[in-house]
Amino acid sequence: MADKTAKLTFDGKEIELPILSPTAGPDVLDITKLYAQGGVFTYDPGFTSTAACDSTITFIDGGKGELLHRGYPIDQLAEDSHYLEVCYVLLYGELPSAEQLEDFENRVTMHTMLHEQMVYFYRGFRRDAHPMAIMTGVVGAMSAFYHDSTDINDPWQREVASIRLIAKMPTIAAWAYKFSIGQPFVYPRNDLDYASNFLRMCFAVPAEDYQVNPILSRAMDRIFTLHADHEQNASTSTVRLASSSGANPFACIAAGIACLWGPAHGGANQACLEMLEEIGSVDRIPEYIARAKDKDDPFRLMGFGHRVYKNFDPRAKVMKKSADEVLELLGVENNPKLQVAKELEKQALSDPYFAEKKLFPNVDFYSGIILEAMGFPTSMFTPIFALARTVGWISQWKEQLADPKLKIGRPRQLYMGETMRDYVDIEKR
């Protein structure tokens, strides 16, 4: 309930707008009755000043560099927890007991296999199809294979769909990778944890099994954890908008994957690696740092700074630790991109210009380094992001469906086109 109001005066009218106070973050003007009372809309391209929903899942304070899932700080979750426990927190709101966590992990593990007929669906793609194209299609097609979990009005079907999506997404992503490189599909194994299972499905071959290194598995688990949810970003908003029409869960998540595919959203860590490749060698770093400081040069250091975090990215500190561990394990001697990354990080962090502008390495910088070191091509970076973000999308989807205020999304527009005019017959034009 609002206990404060704001007055808007225009054209001789005065409208009283309720001010809503959240548990954290700035107050919000409630404009739901603005058009009814005043006959006007608001204009907010990108919705950067508009709250489209209320939520209890994730809170971000960009000024403080703070990210909370259900109130739990991301650095604590990434250091002390693991991905499936974070999934439980996002889905159900609280840390699980030992029994609850064991039951949840077991349910996910027992649903990691895909319907065998989906193998033929994969084979319908061109051999050089991008893994994100495959993931978008396969996830959307799940509604054709799992009819018993598409009724959004049935709480049990919503639960089944949630578990299925979280469980099967690593298999879907790994198979997209295998198909893109022409290798046989590797099936999931129930004796491996979530991250280890994914790594094995990506890198094992029938001729030789893949022994998962615990350092790499832990690094992958952290990547999943640090990308699990990020409030009302573009892909999450896409999932919510698709869901508002009553679309089935698989269609909604496929819509989120399609949005994430955009380079301005999910492609940031890929852009970092492409930048490192462009720099090419350690001796060229000063040249590129000078270009980044030149306001007349369009070049920007990718992976530094963040649109939301105006101080530091709280996820980056944990990811840096993983990057250091992975690079120590695998080495950087034979990889020029990783050599450039390490030296660029060192020079940027010691340069007062970047400290003044608060341009610190972000989560995309470090995750790109880790995935490159593990042997993933850049085409797999966004699919891995989609895999990790699935639980966030599902949590937001479930929350929205339970909201009694749910309405189909219908943004307004500021129309600047022609006003009414008469049709002219073709002979007279």
# chains A, B, ... in the order shown; residues from 1 in each chain; ligands from 1

call {"tool": "residues_around", "arguments": {"residues": "Met110 in chain A", "least_positions_apart": "6", "cutoff": "10 Å", "atoms": "only C-alpha atoms", "output": "short mmCIF file (atom, residue, chain, number, x, y, z; two decimals) with C-alpha atoms, in the first residue's frame"}}
result
data_model
loop_
_atom_site.label_atom_id
_atom_site.label_comp_id
_atom_site.auth_asym_id
_atom_site.auth_seq_id
_atom_site.Cartn_x
_atom_site.Cartn_y
_atom_site.Cartn_z
CA ILE A 163 12.43 -29.28 -13.24
CA ARG A 164 12.53 -30.53 -16.81
CA ALA A 167 17.55 -30.66 -15.88
CA LYS A 168 17.58 -30.90 -19.67
CA PRO A 188 24.14 -37.63 -19.26
CA ARG A 189 25.22 -39.70 -16.28
CA ASN A 190 23.42 -39.79 -12.94
#

call {"tool": "select_by_dssp", "arguments": {"residues": "range 277-396 of chain A", "states": "alpha helix (DSSP H)", "output": "mmCIF file with N, CA, C and O atoms, in the first residue's frame"}}
result
data_model
loop_
_atom_site.group_PDB
_atom_site.id
_atom_site.type_symbol
_atom_site.label_atom_id
_atom_site.label_comp_id
_atom_site.auth_asym_id
_atom_site.auth_seq_id
_atom_site.Cartn_x
_atom_site.Cartn_y
_atom_site.Cartn_z
ATOM 1 N N GLU A 277 41.393 -10.967 -29.213
ATOM 2 C CA GLU A 277 41.968 -11.470 -30.460
ATOM 3 C C GLU A 277 42.423 -10.308 -31.344
ATOM 4 O O GLU A 277 43.460 -10.378 -32.002
ATOM 5 N N GLU A 278 41.642 -9.227 -31.333
ATOM 6 C CA GLU A 278 42.003 -8.043 -32.129
ATOM 7 C C GLU A 278 43.294 -7.418 -31.598
ATOM 8 O O GLU A 278 44.169 -7.022 -32.380
ATOM 9 N N ILE A 279 43.430 -7.329 -30.273
ATOM 10 C CA ILE A 279 44.664 -6.777 -29.681
ATOM 11 C C ILE A 279 45.855 -7.645 -30.089
ATOM 12 O O ILE A 279 46.907 -7.139 -30.474
ATOM 13 N N ILE A 285 48.992 -3.800 -26.031
ATOM 14 C CA ILE A 285 48.017 -3.374 -25.024
ATOM 15 C C ILE A 285 48.072 -1.874 -24.753
ATOM 16 O O ILE A 285 47.012 -1.223 -24.709
ATOM 17 N N PRO A 286 49.258 -1.259 -24.575
ATOM 18 C CA PRO A 286 49.282 0.193 -24.321
ATOM 19 C C PRO A 286 48.575 0.993 -25.412
ATOM 20 O O PRO A 286 47.895 1.978 -25.129
ATOM 21 N N GLU A 287 48.713 0.555 -26.650
ATOM 22 C CA GLU A 287 48.053 1.242 -27.778
ATOM 23 C C GLU A 287 46.532 1.205 -27.608
ATOM 24 O O GLU A 287 45.844 2.220 -27.788
ATOM 25 N N TYR A 288 46.001 0.060 -27.220
ATOM 26 C CA TYR A 288 44.548 -0.082 -27.081
ATOM 27 C C TYR A 288 44.027 0.608 -25.820
ATOM 28 O O TYR A 288 42.906 1.112 -25.802
ATOM 29 N N ILE A 289 44.834 0.629 -24.777
ATOM 30 C CA ILE A 289 44.431 1.371 -23.575
ATOM 31 C C ILE A 289 44.365 2.865 -23.892
ATOM 32 O O ILE A 289 43.434 3.568 -23.461
ATOM 33 N N ALA A 290 45.330 3.346 -24.675
ATOM 34 C CA ALA A 290 45.317 4.758 -25.075
ATOM 35 C C ALA A 290 44.084 5.057 -25.928
ATOM 36 O O ALA A 290 43.443 6.109 -25.774
ATOM 37 N N ARG A 291 43.722 4.133 -26.804
ATOM 38 C CA ARG A 291 42.522 4.328 -27.636
ATOM 39 C C ARG A 291 41.262 4.355 -26.771
ATOM 40 O O ARG A 291 40.335 5.125 -27.030
ATOM 41 N N ALA A 292 41.218 3.497 -25.745
ATOM 42 C CA ALA A 292 40.049 3.460 -24.856
ATOM 43 C C ALA A 292 39.881 4.778 -24.099
ATOM 44 O O ALA A 292 38.756 5.174 -23.779
ATOM 45 N N LYS A 293 40.992 5.450 -23.821
ATOM 46 C CA LYS A 293 40.936 6.730 -23.098
ATOM 47 C C LYS A 293 40.583 7.902 -24.013
ATOM 48 O O LYS A 293 40.178 8.954 -23.527
ATOM 49 N N PRO A 314 29.692 -7.177 -8.499
ATOM 50 C CA PRO A 314 29.963 -8.070 -7.363
ATOM 51 C C PRO A 314 30.252 -9.505 -7.799
ATOM 52 O O PRO A 314 30.893 -10.261 -7.070
ATOM 53 N N ARG A 315 29.819 -9.863 -8.994
ATOM 54 C CA ARG A 315 30.079 -11.220 -9.496
ATOM 55 C C ARG A 315 31.516 -11.376 -9.972
ATOM 56 O O ARG A 315 32.048 -12.487 -10.027
ATOM 57 N N ALA A 316 32.145 -10.249 -10.334
ATOM 58 C CA ALA A 316 33.471 -10.317 -10.947
ATOM 59 C C ALA A 316 34.544 -10.774 -9.967
ATOM 60 O O ALA A 316 35.499 -11.455 -10.344
ATOM 61 N N LYS A 317 34.399 -10.394 -8.686
ATOM 62 C CA LYS A 317 35.424 -10.779 -7.705
ATOM 63 C C LYS A 317 35.525 -12.297 -7.580
ATOM 64 O O LYS A 317 36.622 -12.861 -7.533
ATOM 65 N N VAL A 318 34.367 -12.949 -7.530
ATOM 66 C CA VAL A 318 34.356 -14.409 -7.412
ATOM 67 C C VAL A 318 34.842 -15.037 -8.708
ATOM 68 O O VAL A 318 35.596 -16.019 -8.701
ATOM 69 N N MET A 319 34.426 -14.464 -9.840
ATOM 70 C CA MET A 319 34.822 -15.021 -11.129
ATOM 71 C C MET A 319 36.317 -14.863 -11.366
ATOM 72 O O MET A 319 36.950 -15.727 -11.980
ATOM 73 N N LYS A 320 36.896 -13.785 -10.865
ATOM 74 C CA LYS A 320 38.351 -13.594 -10.994
ATOM 75 C C LYS A 320 39.090 -14.717 -10.280
ATOM 76 O O LYS A 320 40.087 -15.244 -10.791
ATOM 77 N N LYS A 321 38.604 -15.098 -9.096
ATOM 78 C CA LYS A 321 39.232 -16.182 -8.354
ATOM 79 C C LYS A 321 39.215 -17.468 -9.175
ATOM 80 O O LYS A 321 40.218 -18.181 -9.271
ATOM 81 N N SER A 322 38.073 -17.758 -9.793
ATOM 82 C CA SER A 322 37.975 -18.949 -10.637
ATOM 83 C C SER A 322 38.902 -18.852 -11.843
ATOM 84 O O SER A 322 39.547 -19.827 -12.226
ATOM 85 N N ALA A 323 38.955 -17.655 -12.453
ATOM 86 C CA ALA A 323 39.821 -17.479 -13.620
ATOM 87 C C ALA A 323 41.277 -17.739 -13.255
ATOM 88 O O ALA A 323 42.012 -18.411 -13.987
ATOM 89 N N ASP A 324 41.705 -17.222 -12.102
ATOM 90 C CA ASP A 324 43.083 -17.447 -11.658
ATOM 91 C C ASP A 324 43.361 -18.928 -11.446
ATOM 92 O O ASP A 324 44.414 -19.447 -11.830
ATOM 93 N N GLU A 325 42.393 -19.640 -10.832
ATOM 94 C CA GLU A 325 42.567 -21.080 -10.580
ATOM 95 C C GLU A 325 42.641 -21.872 -11.885
ATOM 96 O O GLU A 325 43.490 -22.770 -12.042
ATOM 97 N N VAL A 326 41.762 -21.533 -12.821
ATOM 98 C CA VAL A 326 41.729 -22.259 -14.092
ATOM 99 C C VAL A 326 42.996 -21.997 -14.898
ATOM 100 O O VAL A 326 43.593 -22.926 -15.470
ATOM 101 N N LEU A 327 43.437 -20.739 -14.943
ATOM 102 C CA LEU A 327 44.636 -20.421 -15.717
ATOM 103 C C LEU A 327 45.884 -21.032 -15.088
ATOM 104 O O LEU A 327 46.814 -21.427 -15.801
ATOM 105 N N GLU A 328 45.898 -21.120 -13.766
ATOM 106 C CA GLU A 328 47.035 -21.780 -13.107
ATOM 107 C C GLU A 328 47.052 -23.271 -13.452
ATOM 108 O O GLU A 328 48.114 -23.854 -13.670
ATOM 109 N N LEU A 329 45.869 -23.859 -13.534
ATOM 110 C CA LEU A 329 45.772 -25.285 -13.855
ATOM 111 C C LEU A 329 46.139 -25.557 -15.312
ATOM 112 O O LEU A 329 46.919 -26.470 -15.610
ATOM 113 N N LEU A 330 45.587 -24.752 -16.227
ATOM 114 C CA LEU A 330 45.724 -25.044 -17.655
ATOM 115 C C LEU A 330 46.856 -24.271 -18.322
ATOM 116 O O LEU A 330 47.279 -24.629 -19.422
ATOM 117 N N PRO A 336 47.684 -16.940 -26.954
ATOM 118 C CA PRO A 336 47.944 -15.490 -26.951
ATOM 119 C C PRO A 336 46.790 -14.678 -26.363
ATOM 120 O O PRO A 336 47.024 -13.666 -25.689
ATOM 121 N N LYS A 337 45.539 -15.109 -26.598
ATOM 122 C CA LYS A 337 44.390 -14.353 -26.072
ATOM 123 C C LYS A 337 44.410 -14.305 -24.554
ATOM 124 O O LYS A 337 44.138 -13.273 -23.942
ATOM 125 N N LEU A 338 44.748 -15.433 -23.937
ATOM 126 C CA LEU A 338 44.777 -15.480 -22.477
ATOM 127 C C LEU A 338 45.954 -14.677 -21.922
ATOM 128 O O LEU A 338 45.848 -14.068 -20.857
ATOM 129 N N GLN A 339 47.068 -14.681 -22.640
ATOM 130 C CA GLN A 339 48.207 -13.854 -22.228
ATOM 131 C C GLN A 339 47.818 -12.375 -22.270
ATOM 132 O O GLN A 339 48.130 -11.609 -21.345
ATOM 133 N N VAL A 340 47.139 -11.977 -23.325
ATOM 134 C CA VAL A 340 46.684 -10.591 -23.454
ATOM 135 C C VAL A 340 45.698 -10.257 -22.333
ATOM 136 O O VAL A 340 45.756 -9.181 -21.727
ATOM 137 N N ALA A 341 44.799 -11.191 -22.040
ATOM 138 C CA ALA A 341 43.786 -10.966 -20.999
ATOM 139 C C ALA A 341 44.431 -10.704 -19.646
ATOM 140 O O ALA A 341 44.050 -9.764 -18.940
ATOM 141 N N LYS A 342 45.384 -11.524 -19.276
ATOM 142 C CA LYS A 342 46.040 -11.370 -17.973
ATOM 143 C C LYS A 342 46.768 -10.029 -17.873
ATOM 144 O O LYS A 342 46.695 -9.340 -16.862
ATOM 145 N N GLU A 343 47.471 -9.655 -18.936
ATOM 146 C CA GLU A 343 48.235 -8.407 -18.908
ATOM 147 C C GLU A 343 47.300 -7.190 -18.995
ATOM 148 O O GLU A 343 47.543 -6.169 -18.345
ATOM 149 N N LEU A 344 46.231 -7.305 -19.776
ATOM 150 C CA LEU A 344 45.269 -6.211 -19.885
ATOM 151 C C LEU A 344 44.602 -5.956 -18.541
ATOM 152 O O LEU A 344 44.442 -4.805 -18.114
ATOM 153 N N GLU A 345 44.230 -7.020 -17.866
ATOM 154 C CA GLU A 345 43.637 -6.894 -16.528
ATOM 155 C C GLU A 345 44.604 -6.166 -15.592
ATOM 156 O O GLU A 345 44.224 -5.224 -14.886
ATOM 157 N N LYS A 346 45.876 -6.574 -15.617
ATOM 158 C CA LYS A 346 46.888 -5.999 -14.731
ATOM 159 C C LYS A 346 47.078 -4.509 -15.013
ATOM 160 O O LYS A 346 47.087 -3.679 -14.089
ATOM 161 N N GLN A 347 47.219 -4.143 -16.303
ATOM 162 C CA GLN A 347 47.472 -2.742 -16.647
ATOM 163 C C GLN A 347 46.249 -1.870 -16.371
ATOM 164 O O GLN A 347 46.377 -0.737 -15.898
ATOM 165 N N ALA A 348 45.043 -2.382 -16.663
ATOM 166 C CA ALA A 348 43.823 -1.594 -16.457
ATOM 167 C C ALA A 348 43.573 -1.352 -14.970
ATOM 168 O O ALA A 348 43.186 -0.252 -14.569
ATOM 169 N N LEU A 349 43.805 -2.369 -14.147
ATOM 170 C CA LEU A 349 43.565 -2.226 -12.710
ATOM 171 C C LEU A 349 44.557 -1.280 -12.045
ATOM 172 O O LEU A 349 44.282 -0.716 -10.989
ATOM 173 N N PRO A 352 45.072 4.779 -13.111
ATOM 174 C CA PRO A 352 44.138 5.672 -12.394
ATOM 175 C C PRO A 352 42.915 6.049 -13.221
ATOM 176 O O PRO A 352 41.840 6.287 -12.676
ATOM 177 N N TYR A 353 43.066 6.125 -14.543
ATOM 178 C CA TYR A 353 41.938 6.501 -15.411
ATOM 179 C C TYR A 353 40.761 5.542 -15.231
ATOM 180 O O TYR A 353 39.613 5.960 -15.083
ATOM 181 N N PHE A 354 41.067 4.245 -15.229
ATOM 182 C CA PHE A 354 40.003 3.242 -15.120
ATOM 183 C C PHE A 354 39.399 3.223 -13.718
ATOM 184 O O PHE A 354 38.204 2.977 -13.554
ATOM 185 N N ALA A 355 40.233 3.482 -12.716
ATOM 186 C CA ALA A 355 39.720 3.546 -11.343
ATOM 187 C C ALA A 355 38.781 4.738 -11.176
ATOM 188 O O ALA A 355 37.712 4.625 -10.567
ATOM 189 N N GLU A 356 39.170 5.895 -11.754
ATOM 190 C CA GLU A 356 38.332 7.100 -11.678
ATOM 191 C C GLU A 356 36.985 6.888 -12.342
ATOM 192 O O GLU A 356 35.940 7.282 -11.836
ATOM 193 N N VAL A 363 31.961 -9.463 -14.940
ATOM 194 C CA VAL A 363 31.804 -10.921 -14.969
ATOM 195 C C VAL A 363 32.038 -11.480 -16.374
ATOM 196 O O VAL A 363 32.551 -12.595 -16.525
ATOM 197 N N ASP A 364 31.698 -10.708 -17.407
ATOM 198 C CA ASP A 364 31.868 -11.198 -18.774
ATOM 199 C C ASP A 364 33.338 -11.333 -19.153
ATOM 200 O O ASP A 364 33.719 -12.243 -19.884
ATOM 201 N N PHE A 365 34.159 -10.421 -18.637
ATOM 202 C CA PHE A 365 35.595 -10.489 -18.921
ATOM 203 C C PHE A 365 36.166 -11.813 -18.395
ATOM 204 O O PHE A 365 36.840 -12.545 -19.124
ATOM 205 N N TYR A 366 35.864 -12.125 -17.148
ATOM 206 C CA TYR A 366 36.442 -13.326 -16.537
ATOM 207 C C TYR A 366 35.801 -14.618 -17.041
ATOM 208 O O TYR A 366 36.485 -15.622 -17.221
ATOM 209 N N SER A 367 34.483 -14.602 -17.279
ATOM 210 C CA SER A 367 33.847 -15.836 -17.754
ATOM 211 C C SER A 367 34.348 -16.183 -19.156
ATOM 212 O O SER A 367 34.547 -17.362 -19.481
ATOM 213 N N GLY A 368 34.568 -15.161 -19.988
ATOM 214 C CA GLY A 368 35.110 -15.424 -21.313
ATOM 215 C C GLY A 368 36.494 -16.052 -21.255
ATOM 216 O O GLY A 368 36.800 -16.986 -22.009
ATOM 217 N N ILE A 369 37.320 -15.556 -20.338
ATOM 218 C CA ILE A 369 38.664 -16.115 -20.161
ATOM 219 C C ILE A 369 38.581 -17.586 -19.742
ATOM 220 O O ILE A 369 39.294 -18.455 -20.265
ATOM 221 N N ILE A 370 37.703 -17.883 -18.783
ATOM 222 C CA ILE A 370 37.572 -19.251 -18.273
ATOM 223 C C ILE A 370 37.106 -20.194 -19.378
ATOM 224 O O ILE A 370 37.670 -21.282 -19.574
ATOM 225 N N LEU A 371 36.064 -19.793 -20.112
ATOM 226 C CA LEU A 371 35.513 -20.668 -21.148
ATOM 227 C C LEU A 371 36.505 -20.884 -22.277
ATOM 228 O O LEU A 371 36.610 -21.994 -22.824
ATOM 229 N N GLU A 372 37.254 -19.859 -22.616
ATOM 230 C CA GLU A 372 38.305 -19.993 -23.632
ATOM 231 C C GLU A 372 39.362 -20.995 -23.164
ATOM 232 O O GLU A 372 39.786 -21.874 -23.925
ATOM 233 N N ALA A 373 39.779 -20.859 -21.907
ATOM 234 C CA ALA A 373 40.810 -21.766 -21.374
ATOM 235 C C ALA A 373 40.323 -23.207 -21.339
ATOM 236 O O ALA A 373 41.109 -24.139 -21.552
ATOM 237 N N MET A 374 39.042 -23.408 -21.053
ATOM 238 C CA MET A 374 38.488 -24.769 -21.005
ATOM 239 C C MET A 374 38.398 -25.425 -22.380
ATOM 240 O O MET A 374 38.252 -26.639 -22.476
ATOM 241 N N PHE A 381 29.594 -19.591 -25.890
ATOM 242 C CA PHE A 381 29.521 -18.741 -24.693
ATOM 243 C C PHE A 381 28.075 -18.382 -24.356
ATOM 244 O O PHE A 381 27.647 -18.476 -23.214
ATOM 245 N N THR A 382 27.313 -17.942 -25.361
ATOM 246 C CA THR A 382 25.928 -17.539 -25.098
ATOM 247 C C THR A 382 25.037 -18.728 -24.760
ATOM 248 O O THR A 382 24.178 -18.614 -23.874
ATOM 249 N N PRO A 383 25.182 -19.895 -25.415
ATOM 250 C CA PRO A 383 24.411 -21.061 -24.968
ATOM 251 C C PRO A 383 24.657 -21.420 -23.492
ATOM 252 O O PRO A 383 23.718 -21.809 -22.781
ATOM 253 N N ILE A 384 25.891 -21.279 -23.031
ATOM 254 C CA ILE A 384 26.186 -21.558 -21.627
ATOM 255 C C ILE A 384 25.505 -20.532 -20.728
ATOM 256 O O ILE A 384 24.975 -20.860 -19.659
ATOM 257 N N PHE A 385 25.492 -19.275 -21.162
ATOM 258 C CA PHE A 385 24.770 -18.222 -20.457
ATOM 259 C C PHE A 385 23.281 -18.588 -20.378
ATOM 260 O O PHE A 385 22.645 -18.490 -19.319
ATOM 261 N N ALA A 386 22.708 -19.038 -21.500
ATOM 262 C CA ALA A 386 21.282 -19.417 -21.530
ATOM 263 C C ALA A 386 21.001 -20.571 -20.590
ATOM 264 O O ALA A 386 19.979 -20.589 -19.874
ATOM 265 N N LEU A 387 21.889 -21.547 -20.572
ATOM 266 C CA LEU A 387 21.760 -22.691 -19.659
ATOM 267 C C LEU A 387 21.684 -22.192 -18.209
ATOM 268 O O LEU A 387 20.791 -22.581 -17.447
ATOM 269 N N ALA A 388 22.601 -21.320 -17.850
ATOM 270 C CA ALA A 388 22.663 -20.822 -16.472
ATOM 271 C C ALA A 388 21.453 -19.972 -16.122
ATOM 272 O O ALA A 388 20.921 -20.042 -15.011
ATOM 273 N N ARG A 389 20.991 -19.141 -17.065
ATOM 274 C CA ARG A 389 19.919 -18.190 -16.805
ATOM 275 C C ARG A 389 18.541 -18.863 -16.789
ATOM 276 O O ARG A 389 17.564 -18.260 -16.331
ATOM 277 N N THR A 390 18.449 -20.106 -17.250
ATOM 278 C CA THR A 390 17.154 -20.787 -17.327
ATOM 279 C C THR A 390 16.412 -20.761 -16.001
ATOM 280 O O THR A 390 15.201 -20.496 -15.952
ATOM 281 N N VAL A 391 17.097 -21.007 -14.906
ATOM 282 C CA VAL A 391 16.414 -21.028 -13.603
ATOM 283 C C VAL A 391 15.870 -19.653 -13.246
ATOM 284 O O VAL A 391 14.793 -19.539 -12.643
ATOM 285 N N GLY A 392 16.585 -18.601 -13.608
ATOM 286 C CA GLY A 392 16.087 -17.253 -13.355
ATOM 287 C C GLY A 392 14.825 -16.982 -14.154
ATOM 288 O O GLY A 392 13.834 -16.450 -13.634
ATOM 289 N N TRP A 393 14.851 -17.348 -15.428
ATOM 290 C CA TRP A 393 13.658 -17.170 -16.266
ATOM 291 C C TRP A 393 12.462 -17.930 -15.690
ATOM 292 O O TRP A 393 11.351 -17.406 -15.628
ATOM 293 N N ILE A 394 12.709 -19.169 -15.272
ATOM 294 C CA ILE A 394 11.611 -19.990 -14.749
ATOM 295 C C ILE A 394 11.073 -19.405 -13.449
ATOM 296 O O ILE A 394 9.851 -19.364 -13.222
ATOM 297 N N SER A 395 11.971 -18.951 -12.582
ATOM 298 C CA SER A 395 11.532 -18.361 -11.312
ATOM 299 C C SER A 395 10.658 -17.134 -11.565
ATOM 300 O O SER A 395 9.616 -16.950 -10.919
ATOM 301 N N GLN A 396 11.075 -16.295 -12.504
ATOM 302 C CA GLN A 396 10.305 -15.099 -12.835
ATOM 303 C C GLN A 396 8.970 -15.479 -13.493
ATOM 304 O O GLN A 396 7.935 -14.857 -13.231
#

call {"tool": "atom_distance", "arguments": {"atom1": "CA of Thr225 in chain A", "atom2": "CA of Asp103 in chain A"}}
result
19.5 Å

call {"tool": "residues_around", "arguments": {"residues": "Gly38 in chain A", "least_positions_apart": "6", "cutoff": "12 Å", "atoms": "only C-alpha atoms", "output": "number ranges by chain"}}
result
A: 7-17, 31-32

call {"tool": "select_by_dssp", "arguments": {"residues": "range 173-396 of chain A", "states": "strand (DSSP E or B)", "output": "list in words"}}
result
Val205, Glu208, Phe304 and Pro361 of chain A

call {"tool": "write_last_selection", "arguments": {"atoms": "C-alpha atoms", "output": "mmCIF file, in the first residue's frame"}}
result
data_model
loop_
_atom_site.group_PDB
_atom_site.id
_atom_site.type_symbol
_atom_site.label_atom_id
_atom_site.label_comp_id
_atom_site.auth_asym_id
_atom_site.auth_seq_id
_atom_site.Cartn_x
_atom_site.Cartn_y
_atom_site.Cartn_z
ATOM 1 C CA VAL A 205 33.969 -38.941 -27.090
ATOM 2 C CA GLU A 208 37.877 -41.901 -24.835
ATOM 3 C CA PHE A 304 35.096 -3.401 -18.363
ATOM 4 C CA PRO A 361 36.717 -5.936 -15.192
#

call {"tool": "closest_residue", "arguments": {"among": "A:Leu260, A:Val160, A:Leu90, A:Ala78", "to": "His111 in chain A", "atoms": "only C-alpha atoms"}}
result
A:Val160

call {"tool": "residues_around", "arguments": {"residues": "Ala255 in chain A", "least_positions_apart": "3", "cutoff": "9 Å", "atoms": "only C-alpha atoms", "output": "VMD selection string"}}
result
chain A and resid 136 140 235 238 to 239 242 250 to 252 258 to 260

call {"tool": "atom_distance", "arguments": {"atom1": "CA of Arg123 in chain A", "atom2": "CA of Phe179 in chain A"}}
result
8.0 Å

call {"tool": "closest_residue", "arguments": {"among": "A:Ser243, A:Met220, A:Leu199, A:Glu102", "to": "Asp403 in chain A", "atoms": "only C-alpha atoms"}}
result
A:Ser243

call {"tool": "residues_around", "arguments": {"residues": "Leu84 in chain A", "least_positions_apart": "5", "cutoff": "10 Å", "atoms": "only C-alpha atoms", "output": "VMD selection string"}}
result
chain A and resid 89 to 90 101 104 to 105 108 166 to 167 193 to 195 221 224 to 225 391

call {"tool": "closest_residue", "arguments": {"among": "A:Ile215, A:Val119, A:Leu226, A:Leu114", "to": "His69 in chain A", "atoms": "only C-alpha atoms"}}
result
A:Leu226

call {"tool": "residues_around", "arguments": {"residues": "Val308 in chain A", "least_positions_apart": "2", "cutoff": "9 Å", "atoms": "only C-alpha atoms", "output": "list in words"}}
result
Ile60, Asp61, Gly62, Gly63, Gly65, Gly305, His306, Lys310 and Asp313 of chain A

call {"tool": "residues_around", "arguments": {"residues": "Pro249 in chain A", "least_positions_apart": "3", "cutoff": "9 Å", "atoms": "only C-alpha atoms", "output": "mmCIF file with C-alpha atoms, in the first residue's frame"}}
result
data_model
loop_
_atom_site.group_PDB
_atom_site.id
_atom_site.type_symbol
_atom_site.label_atom_id
_atom_site.label_comp_id
_atom_site.auth_asym_id
_atom_site.auth_seq_id
_atom_site.Cartn_x
_atom_site.Cartn_y
_atom_site.Cartn_z
ATOM 1 C CA GLY A 140 10.617 -24.362 -28.284
ATOM 2 C CA SER A 143 6.226 -28.495 -26.047
ATOM 3 C CA SER A 149 3.672 -30.150 -18.599
ATOM 4 C CA THR A 150 2.307 -27.371 -20.805
ATOM 5 C CA ASP A 151 -0.839 -26.430 -18.853
ATOM 6 C CA ILE A 152 0.166 -23.223 -17.078
ATOM 7 C CA ARG A 158 4.312 -25.873 -13.817
ATOM 8 C CA ALA A 161 8.105 -28.112 -16.537
ATOM 9 C CA SER A 162 10.458 -26.175 -14.217
ATOM 10 C CA LEU A 165 13.924 -27.297 -18.181
ATOM 11 C CA VAL A 239 10.020 -14.320 -20.895
ATOM 12 C CA SER A 243 4.198 -15.580 -20.425
ATOM 13 C CA GLY A 246 -0.568 -17.538 -21.545
ATOM 14 C CA CYS A 252 8.464 -18.646 -23.056
ATOM 15 C CA ILE A 253 11.985 -19.917 -22.323
ATOM 16 C CA ALA A 254 12.702 -20.248 -26.065
ATOM 17 C CA ILE A 394 11.611 -19.990 -14.749
ATOM 18 C CA TRP A 397 7.789 -17.005 -15.000
#

call {"tool": "atom_distance", "arguments": {"atom1": "CA of Arg218 in chain A", "atom2": "CA of Asp75 in chain A"}}
result
14.5 Å

call {"tool": "closest_residue", "arguments": {"among": "A:Pro298, A:Pro18, A:Pro377, A:Pro214", "to": "Lys33 in chain A", "atoms": "only C-alpha atoms"}}
result
A:Pro18

call {"tool": "closest_residue", "arguments": {"among": "A:Gly137, A:Tyr177, A:Thr112, A:Arg70", "to": "Gly124 in chain A", "atoms": "only C-alpha atoms"}}
result
A:Gly137
